[in-house]
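Quick notes on the structure that follows.
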Amino acid sequence: MQQRLLLAGLVAASLWSPPLFSQQSRLSLEQASGRAQAPSYWGTPIRWRWGPERKLLRNGEDWRHPMDFSQADAPATAEPERRRSQQNQARQQLPESVRKGAELVEAAPDGNRIAFVRSNNLWIYEPESDRSRALTEDGNDEWFNGKLDWVYQEEIYGRGNFKGFWWSPNSRFIAYLALDESPVHEFTVIDHIEPNTFRVKPEISNYPKAGDPNPVVHLRIVDVQNGAHARVDLSPYRDQEPLIVRVGWTPDSSQLLFVIQDRIQSWAELMSADPENGRYQRMIRESSDSWVNRPNLPRWLQDGSFLWLSERTGHQHLYHYRKDGRLIRPVTQGDWSVRSIQHLDEEQGLLWFSSNRDGAINQNVYRIRLDGTGLRRLTQGEGSHRLSFNHDRSLFLDSVSSLTHPGEMRLCDADGNILRVLEEASVPAAKTHALAKWEALQIPAGDGFLLDAALLKPADFDPSKQYPVWLPTYSGPDAPSVRNRWNGSAWYQFLAQQGFLVFQVNVRTASGKGHWAIEQCYRRLGVMELSDLVDAVDWLCRHSWADGSRVGITGYSYGGFMAAYALTKSDRFALGIAGGGVFDWGMYDTIYTERYMSTPQRNPEGYQATSVLDAAADLNGHLFIHHGVMDDNVHVQNAMQLIYALQKAGKDFDFMLYPQSRHGVGDRDQRWHLRRFEWRLIQEHLGP
């Protein structure tokens with residue numbers, strides 16, 4: 001029975017095929033753009049999941065015993081309440097008088113105090129005594145206590161996360177960053193569409209561009225019981241213009257942990273500091289000839305040792321360290337990378353993790369013992385797997401899809417053997433509309449590096465015809481475009497129905513194959529990426545059915561840079577659509593840019609070689625540039641500089657501004673305008 005079900009699932013996954021193409025069943029542009037109702041090309045939702053105690057399977061009101069799939073009674077245990085965010089919960093506990101002006105609110109782990117920022121000062125509120133008090137008093141427009149500035153939140157702690165303080169687990173201490181903004185240059189973004197007036201509204205913020213002064217960072221610790229401060233002395237690092245990129249605590253609160261990097265992020269050091277006096281010692285140092293990605297904080301074990309992820313070999317692997325920072329052993333090793341730790345069972349000495357070990361575009365899960373033995377792959381077949389375990393990890397649900405299969409839910413035992421395929425996804429649009437099928441490819445670059453790629457051919461593909469090629473890309477460092485999972489994009493299906501080949505390529509620096517591949521873009525963003533894209537396009541167009549004279553490229557942000565760069569540094573593209581692009585890396589922020597390019601002062605040749613502005617006179621093909629006027633990330637200055645350079649070079653192009661849009665065209669009507677404009681250009685420059 002078990003073997004039959006296993007084979008049935010694998011056969012279903014490999015033989016799934018959409019209905020035959022119908023000449024009449026095509027999407028309209030409105031349907032492909034979300035302006036009119038359209039059938040879904042995404043797989044139908046798979047609804048089986050574990051119940052609240054993770055012992056029974058549930059699909060709506062259908063409850064089952066997992067082993068024999070027999071009917072089960074719904075458990076008495078109610079579904080857990082959907083909890084509000086921790087910050088919202090804490091905020092609601094503040095009295096109205098305290099809540100005014102409070103931001104970044106977070107309760108202490110024991111719930112007895114609530115920390116927040118007001119006017120760039122760190123405060124706490126004590127519900128029991130109904131008292132609030134300032135922990136810092138020197139905050140102002142140029143000095144942030146416990147709050148991050150734009151570049152720290154965007155490039156280090158995560159877009160939208162401005163919180164710059166961390167409670168200790170015992171609720172006694174708060175560690176916080178203090179940022180001196182006085183050296184940082186301001187940048188002004190203008191809103192030209194102010195309601196009820198024809199005046200403009202300027203938004204002025206601190207924004208360090210490559211080579212500019214960064215905010216000066218300080219790390220401090222406050223004892224919330226008595227208000228005493230300890231300062232972590234960073235003066236030995238000042239000539240390195242340090243960044244504090246991680247902050248946390250040991251589980252017993254005895255040590256503050258932080259990771260410090262130099263300005264260009266060529267090294268990183270894990271430090272432990274005494275919260276009473278701020279004195280610290282180095283535990284681990286990572287360094288690279290290129291850059292060191294921001295390390296995660298340690299994963300602590302009960303015996304005081306810890307696990308540490310490092311890319312020191314060119315692949316990210318897991319290492320076991322003693323509490324004092326002495327290496328015990330590598331837990332994983334080889335020509336592959338650990339992506340993330342999924343689960344740790346210390347009692348059994350087992351670790352579950354995801355990895356690229358069996359294909360960079362796949363997502364698989366593995367199990368290994370903490371001593372580095374017993375490595376076992378738990379997921380079966382090609383594709384991207386998401387696992388959900390039962391209460392004792394003896395069973396798991398595996399939700400898997402691939403480029404060629406819309407997905408299914410499997411019930412597996414602890415070792416990954418498939419016990420039952422619970423449900424298969426279907427594609428609603430396949431019943432009525434043409435469904436083109438993706439193909440996964442591997443393409444050799446000029447030096448033999450294998451590039452992962454995906455190709456979507458029209459459903460009625462005829463190899464005796466020639467088809468134009470449309471290449472959507474991002475191609476930023478470690479940001480793959482191709483993943484082996486179902487892609488239900490109605491826009492791509494529309495293009496295939498209109499007779500286009502949709503072609504996506506993972507350049508080596510966005511391949512997911514490890515740091516050894518990604519770092520090949522160092523100090524020359526765009527150069528290696530374009531070389532790989534050109535090699536892939538040339539490979540495709542050696543097939544008689546791909547028309548090398550009608551190739552278009554499009555992208556946004558880094559992809560917008562790549563589209564414009566491709567049209568100024570090669571002759572392979574008849575059309576490029578560049579949205580929100582960085583057209584000279586000197587115009588983007590310090591922390592992101594200098595990680596990959598170093599500074600303009602140290603790498604002037606690299607900045608010149610990667611500048612679209614400097615190559616404007618070499619424009620080939622037709623370029624369409626569009627940008628959000630209110631973009632506070634990649635400033636509209638980029639577009640203005642490029643159109644000026646193109647005008648001075650006597651080049652024709654198209655340009656569109658989207659007022660009130662930021663980094664991305666968010667307004668529904670503006671998105672529709674952009675889509676119609678794009679489609680007109682595609683027809684004009686790539687059509688028959």
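Following the order of the structure tokens, first chain is A, next is B, and so on, with residues numbered from 1 inside each chain and ligands from 1 in the order they appear.
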**Message:** Neighbouring residues of segment 257-264 of chain A were defined as those with any atom within 7 Å, considering only C-alpha atoms; residues of the same chain fewer than 4 positions away were excluded. Please report them as a ChimeraX atom specification.
**Reply:** /A:240-250,268-273,594-595,598
Could you write out the selected residues, including N, CA, C and O atoms, as a short mmCIF file (atom, residue, chain, number, x, y, z; two decimals), in the first residue's frame?
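The resulting file, out-v3.cif, is reproduced below:
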```cif
data_model
loop_
_atom_site.label_atom_id
_atom_site.label_comp_id
_atom_site.auth_asym_id
_atom_site.auth_seq_id
_atom_site.Cartn_x
_atom_site.Cartn_y
_atom_site.Cartn_z
N GLN A 240 38.17 52.40 10.80
CA GLN A 240 37.51 51.48 9.87
C GLN A 240 36.07 51.90 9.57
O GLN A 240 35.38 51.24 8.81
N GLU A 241 35.63 53.01 10.18
CA GLU A 241 34.25 53.50 10.01
C GLU A 241 33.25 52.35 10.22
O GLU A 241 32.52 51.96 9.31
N PRO A 242 33.18 51.82 11.44
CA PRO A 242 32.48 50.54 11.67
C PRO A 242 30.97 50.64 11.51
O PRO A 242 30.35 51.70 11.66
N LEU A 243 30.40 49.47 11.23
CA LEU A 243 28.96 49.25 11.21
C LEU A 243 28.65 48.21 12.28
O LEU A 243 29.37 47.23 12.42
N ILE A 244 27.58 48.43 13.04
CA ILE A 244 27.08 47.40 13.96
C ILE A 244 25.91 46.72 13.26
O ILE A 244 24.85 47.33 13.08
N VAL A 245 26.09 45.46 12.87
CA VAL A 245 25.13 44.83 11.97
C VAL A 245 24.25 43.78 12.64
O VAL A 245 23.27 43.33 12.05
N ARG A 246 24.59 43.37 13.85
CA ARG A 246 23.74 42.48 14.64
C ARG A 246 23.91 42.83 16.11
O ARG A 246 25.01 43.17 16.54
N VAL A 247 22.82 42.70 16.85
CA VAL A 247 22.86 42.88 18.30
C VAL A 247 21.94 41.84 18.92
O VAL A 247 20.83 41.60 18.43
N GLY A 248 22.40 41.20 20.01
CA GLY A 248 21.57 40.21 20.70
C GLY A 248 22.18 39.88 22.05
O GLY A 248 23.08 40.57 22.53
N TRP A 249 21.68 38.82 22.64
CA TRP A 249 22.09 38.44 23.99
C TRP A 249 22.33 36.93 24.08
O TRP A 249 21.74 36.16 23.33
N THR A 250 23.17 36.54 25.03
CA THR A 250 23.22 35.13 25.38
C THR A 250 21.94 34.77 26.12
O THR A 250 21.29 35.65 26.71
N ALA A 268 34.05 40.66 9.38
CA ALA A 268 33.02 40.74 10.41
C ALA A 268 33.55 40.05 11.66
O ALA A 268 34.20 39.00 11.56
N GLU A 269 33.26 40.63 12.82
CA GLU A 269 33.69 40.04 14.08
C GLU A 269 32.50 39.89 15.03
O GLU A 269 31.73 40.84 15.22
N LEU A 270 32.38 38.70 15.60
CA LEU A 270 31.39 38.45 16.64
C LEU A 270 32.02 38.78 17.98
O LEU A 270 33.08 38.26 18.33
N MET A 271 31.36 39.67 18.74
CA MET A 271 31.88 40.14 20.02
C MET A 271 30.91 39.80 21.15
O MET A 271 29.70 39.72 20.94
N SER A 272 31.46 39.60 22.35
CA SER A 272 30.64 39.47 23.55
C SER A 272 31.08 40.54 24.54
O SER A 272 32.28 40.77 24.73
N ALA A 273 30.10 41.22 25.12
CA ALA A 273 30.39 42.34 26.02
C ALA A 273 29.70 42.14 27.36
O ALA A 273 28.59 41.59 27.43
N GLU A 594 28.82 49.87 -1.36
CA GLU A 594 30.22 49.65 -1.01
C GLU A 594 30.50 48.20 -0.61
O GLU A 594 31.65 47.76 -0.66
N ARG A 595 29.47 47.47 -0.21
CA ARG A 595 29.64 46.04 0.04
C ARG A 595 30.15 45.34 -1.22
O ARG A 595 31.02 44.47 -1.16
N SER A 598 33.14 48.48 -3.12
CA SER A 598 34.04 49.33 -2.35
C SER A 598 33.61 50.79 -2.57
O SER A 598 32.50 51.04 -3.02
#
```
**Request:** Tell me, as an MDAnalysis selection string, which residues lie within 10 Å of Asn206 of chain A, counting only C-alpha atoms; anything in the same chain fewer than 2 positions away does not count.
**Result:** chainID A and resid 142 149:151 181:188 204 208:209 214:215
Taking N, CA, C and O atoms for each residue, export the selection above as a JSON list (two decimals), in the first residue's frame.
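As written to disk, out-v1.json reads:
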```json
[["chain", "number", "residue", "atom", "x", "y", "z"],
["A", 142, "GLU", "N", 19.62, 65.08, 14.95],
["A", 142, "GLU", "CA", 20.91, 64.59, 14.47],
["A", 142, "GLU", "C", 21.47, 63.48, 15.35],
["A", 142, "GLU", "O", 22.61, 63.04, 15.15],
["A", 149, "ASP", "N", 18.30, 54.93, 11.32],
["A", 149, "ASP", "CA", 18.06, 55.88, 10.23],
["A", 149, "ASP", "C", 17.73, 55.09, 8.96],
["A", 149, "ASP", "O", 17.60, 53.87, 8.98],
["A", 150, "TRP", "N", 17.59, 55.82, 7.84],
["A", 150, "TRP", "CA", 17.13, 55.17, 6.61],
["A", 150, "TRP", "C", 18.09, 54.08, 6.17],
["A", 150, "TRP", "O", 17.68, 52.95, 5.85],
["A", 151, "VAL", "N", 19.39, 54.37, 6.11],
["A", 151, "VAL", "CA", 20.32, 53.40, 5.52],
["A", 151, "VAL", "C", 20.50, 52.18, 6.41],
["A", 151, "VAL", "O", 20.65, 51.06, 5.92],
["A", 181, "GLU", "N", 23.97, 61.44, 13.33],
["A", 181, "GLU", "CA", 23.63, 61.71, 11.94],
["A", 181, "GLU", "C", 24.27, 62.98, 11.40],
["A", 181, "GLU", "O", 24.10, 63.30, 10.22],
["A", 182, "SER", "N", 24.99, 63.70, 12.23],
["A", 182, "SER", "CA", 25.48, 65.02, 11.82],
["A", 182, "SER", "C", 26.37, 65.00, 10.59],
["A", 182, "SER", "O", 26.36, 65.96, 9.80],
["A", 183, "PRO", "N", 27.17, 63.92, 10.34],
["A", 183, "PRO", "CA", 28.00, 63.95, 9.13],
["A", 183, "PRO", "C", 27.25, 63.59, 7.85],
["A", 183, "PRO", "O", 27.79, 63.75, 6.75],
["A", 184, "VAL", "N", 26.02, 63.07, 7.97],
["A", 184, "VAL", "CA", 25.33, 62.47, 6.82],
["A", 184, "VAL", "C", 24.67, 63.56, 5.98],
["A", 184, "VAL", "O", 23.96, 64.43, 6.50],
["A", 185, "HIS", "N", 24.89, 63.49, 4.67],
["A", 185, "HIS", "CA", 24.28, 64.45, 3.76],
["A", 185, "HIS", "C", 22.78, 64.21, 3.66],
["A", 185, "HIS", "O", 22.30, 63.07, 3.70],
["A", 186, "GLU", "N", 22.05, 65.29, 3.47],
["A", 186, "GLU", "CA", 20.60, 65.21, 3.28],
["A", 186, "GLU", "C", 20.28, 65.03, 1.80],
["A", 186, "GLU", "O", 21.07, 65.41, 0.92],
["A", 187, "PHE", "N", 19.12, 64.44, 1.55],
["A", 187, "PHE", "CA", 18.60, 64.36, 0.19],
["A", 187, "PHE", "C", 17.12, 64.73, 0.23],
["A", 187, "PHE", "O", 16.40, 64.34, 1.15],
["A", 188, "THR", "N", 16.68, 65.46, -0.78],
["A", 188, "THR", "CA", 15.31, 65.94, -0.82],
["A", 188, "THR", "C", 14.52, 65.26, -1.92],
["A", 188, "THR", "O", 14.96, 65.22, -3.08],
["A", 204, "ILE", "N", 12.74, 65.73, 3.30],
["A", 204, "ILE", "CA", 14.19, 65.80, 3.48],
["A", 204, "ILE", "C", 14.61, 64.70, 4.45],
["A", 204, "ILE", "O", 14.07, 64.58, 5.55],
["A", 208, "PRO", "N", 23.17, 58.73, 2.84],
["A", 208, "PRO", "CA", 24.57, 58.74, 2.41],
["A", 208, "PRO", "C", 24.74, 57.99, 1.10],
["A", 208, "PRO", "O", 24.43, 56.81, 0.99],
["A", 209, "LYS", "N", 25.24, 58.68, 0.09],
["A", 209, "LYS", "CA", 25.54, 58.04, -1.19],
["A", 209, "LYS", "C", 26.97, 57.51, -1.16],
["A", 209, "LYS", "O", 27.79, 57.92, -0.34],
["A", 214, "ASN", "N", 29.06, 58.06, 6.53],
["A", 214, "ASN", "CA", 27.99, 57.28, 7.13],
["A", 214, "ASN", "C", 27.60, 57.88, 8.48],
["A", 214, "ASN", "O", 28.37, 58.66, 9.07],
["A", 215, "PRO", "N", 26.45, 57.50, 9.03],
["A", 215, "PRO", "CA", 26.20, 57.83, 10.43],
["A", 215, "PRO", "C", 27.26, 57.18, 11.31],
["A", 215, "PRO", "O", 27.73, 56.07, 11.01]]
```
**Prompt:** Which polymer residues have any atom within 10 Å of an atom of Gln637 of chain A, counting only C-alpha atoms, with same-chain residues fewer than 2 positions away left out, as number ranges by chain?
**Reply:** A: 189, 582-583, 587, 627, 629, 631, 634-635, 639-643
Please save N, CA and C atoms of the selected residues as a PDB file, in the first residue's frame.
```pdb
ATOM      1  N   VAL A 189      13.390  64.685  -1.542  1.00  0.00           N
ATOM      2  CA  VAL A 189      12.434  64.110  -2.485  1.00  0.00           C
ATOM      3  C   VAL A 189      11.233  65.047  -2.524  1.00  0.00           C
ATOM      4  N   VAL A 582      19.350  52.058 -10.846  1.00  0.00           N
ATOM      5  CA  VAL A 582      20.537  52.808 -10.434  1.00  0.00           C
ATOM      6  C   VAL A 582      21.433  52.918 -11.666  1.00  0.00           C
ATOM      7  N   PHE A 583      21.588  54.119 -12.201  1.00  0.00           N
ATOM      8  CA  PHE A 583      22.293  54.259 -13.467  1.00  0.00           C
ATOM      9  C   PHE A 583      23.729  54.730 -13.304  1.00  0.00           C
ATOM     10  N   MET A 587      25.344  57.046  -7.158  1.00  0.00           N
ATOM     11  CA  MET A 587      24.099  57.664  -6.710  1.00  0.00           C
ATOM     12  C   MET A 587      23.329  56.796  -5.717  1.00  0.00           C
ATOM     13  N   HIS A 627      10.160  55.801 -13.732  1.00  0.00           N
ATOM     14  CA  HIS A 627      10.611  55.990 -12.354  1.00  0.00           C
ATOM     15  C   HIS A 627       9.503  56.637 -11.532  1.00  0.00           C
ATOM     16  N   VAL A 629       8.367  59.290  -8.920  1.00  0.00           N
ATOM     17  CA  VAL A 629       8.878  60.612  -8.538  1.00  0.00           C
ATOM     18  C   VAL A 629       9.249  60.658  -7.063  1.00  0.00           C
ATOM     19  N   ASP A 631      10.374  58.214  -5.187  1.00  0.00           N
ATOM     20  CA  ASP A 631      11.241  57.106  -4.805  1.00  0.00           C
ATOM     21  C   ASP A 631      12.305  57.604  -3.825  1.00  0.00           C
ATOM     22  N   VAL A 634      15.845  54.419  -4.580  1.00  0.00           N
ATOM     23  CA  VAL A 634      16.613  54.769  -5.783  1.00  0.00           C
ATOM     24  C   VAL A 634      16.018  56.076  -6.299  1.00  0.00           C
ATOM     25  N   HIS A 635      16.685  57.164  -6.062  1.00  0.00           N
ATOM     26  CA  HIS A 635      16.101  58.480  -6.313  1.00  0.00           C
ATOM     27  C   HIS A 635      15.846  58.711  -7.805  1.00  0.00           C
ATOM     28  N   ALA A 639      17.118  58.666 -12.976  1.00  0.00           N
ATOM     29  CA  ALA A 639      16.471  58.793 -14.282  1.00  0.00           C
ATOM     30  C   ALA A 639      16.787  60.140 -14.916  1.00  0.00           C
ATOM     31  N   MET A 640      16.766  61.202 -14.109  1.00  0.00           N
ATOM     32  CA  MET A 640      17.054  62.537 -14.642  1.00  0.00           C
ATOM     33  C   MET A 640      18.470  62.612 -15.200  1.00  0.00           C
ATOM     34  N   GLN A 641      19.413  62.035 -14.483  1.00  0.00           N
ATOM     35  CA  GLN A 641      20.793  62.042 -14.949  1.00  0.00           C
ATOM     36  C   GLN A 641      20.931  61.267 -16.261  1.00  0.00           C
ATOM     37  N   LEU A 642      20.229  60.141 -16.368  1.00  0.00           N
ATOM     38  CA  LEU A 642      20.352  59.332 -17.576  1.00  0.00           C
ATOM     39  C   LEU A 642      19.687  60.006 -18.770  1.00  0.00           C
ATOM     40  N   ILE A 643      18.510  60.567 -18.587  1.00  0.00           N
ATOM     41  CA  ILE A 643      17.861  61.202 -19.746  1.00  0.00           C
ATOM     42  C   ILE A 643      18.663  62.414 -20.209  1.00  0.00           C
TER      43      ILE A 643
END
```
**Prompt:** Leu307 of chain A: which residues within 10 Å, counting only C-alpha atoms, same-chain residues fewer than 5 positions away excluded, as a ChimeraX atom specification?
**Reply:** /A:297-301,318-323,327-331,341,370
**Prompt:** as an NGL selection string, which residues of segment 483-642 of chain A does DSSP assign to helix (DSSP H, G or I)?
**Reply:** :A and (490-497 or 508-510 or 515-521 or 527-541 or 558-569 or 585-587 or 590-597 or 604-609 or 613-618 or 637-642)
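With atom CA of Gln683 of chain A on one side and atom CA of Glu30 of chain A on the other, the separation reads 15.8 Å.
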**Item:** Shell of 12 Å around segment 604-616 of chain A, only C-alpha atoms, local chain residues under 6 positions omitted, as JSON, numbers by chain
**Value:** {"A": [210, 211, 521, 522, 523, 524, 525, 526, 527, 528, 529, 530, 560, 561, 562, 563, 564, 565, 566, 567, 568, 569, 570, 578, 581, 582, 583, 584, 585, 586, 587, 588, 593, 594, 596, 597, 598, 623, 637, 638, 639, 640, 641, 642, 643, 644, 645, 646, 647, 648, 649, 650, 651, 652, 653]}
Do a neighbour search on Leu104 of chain A at 8 Å with only C-alpha atoms, toss out local chain neighbours closer than 2 positions, and write the hits as a compact mmCIF listing (two decimals) with N, CA and C atoms, in the first residue's frame.
```txt
# COMPACT_ATOMS: atom_id res chain seq x y z
N GLN A 87 4.29 44.41 18.79
CA GLN A 87 4.38 45.85 18.94
C GLN A 87 3.00 46.47 19.18
N ALA A 102 4.79 58.05 20.78
CA ALA A 102 5.60 56.85 21.02
C ALA A 102 5.68 56.01 19.74
N GLU A 106 7.94 48.08 22.42
CA GLU A 106 8.19 46.66 22.67
C GLU A 106 8.22 46.38 24.16
N PHE A 116 10.00 52.16 24.44
CA PHE A 116 9.59 52.82 23.20
C PHE A 116 10.51 54.00 22.94
N VAL A 117 10.39 54.55 21.75
CA VAL A 117 11.17 55.72 21.36
C VAL A 117 10.21 56.89 21.17
N LYS A 147 16.66 54.16 17.67
CA LYS A 147 15.95 54.22 16.40
C LYS A 147 16.96 54.27 15.27
N PHE A 162 12.76 49.98 11.87
CA PHE A 162 13.55 51.09 12.40
C PHE A 162 13.93 50.89 13.87
N LYS A 163 13.57 49.74 14.45
CA LYS A 163 13.84 49.54 15.86
C LYS A 163 15.32 49.25 16.08
```
**Item:** Selected residue, from A:Lys513, A:Thr373, A:Pro195, A:Asn390, that lies nearest to Lys55 of chain A when counting only C-alpha atoms
**Value:** A:Asn390
**Item:** Counting only C-alpha atoms, the option among A:Gln153, A:His192, A:Pro477, A:Leu419 closest to Phe69 of chain A
**Value:**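 Under the stated criterion, the closest residue is A:Leu419.
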**Prompt:** In Å, with one decimal, what is the gap from atom CA of Gln225 of chain A to atom CA of Ser171 of chain A?
**Reply:** 9.5 Å
**Request:** One decimal, Å: what's the distance from atom CA of Ser290 of chain A over to atom CA of Ser354 of chain A, could you say?
**Result:** 25.2 Å
**Prompt:** In segment 332-428 of chain A, what's strand (DSSP E) per DSSP? Answer as a ChimeraX atom specification?
**Reply:** /A:338-345,350-355,364-369,376-377,384-389,395-402,405-413,418-424
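Nearest to Phe461 of chain A of all the residues A:Ala430, A:Ala436, A:Val365, A:Val292 is A:Ala436, based on only C-alpha atoms.
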**Item:** Counting only C-alpha atoms, the option among A:Leu375, A:Leu57, A:Val217, A:Leu435 closest to Asp233 of chain A
**Value:**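 Looking only at the distances to Asp233 of chain A, the closest residue turns out to be A:Val217.
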**Asked** Using only C-alpha atoms, which residue out of A:Gln255, A:Leu397, A:Gly359, A:Gly446 lies closest to Glu423 of chain A?
**Response**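 Result for the nearest residue to Glu423 of chain A: A:Leu397.
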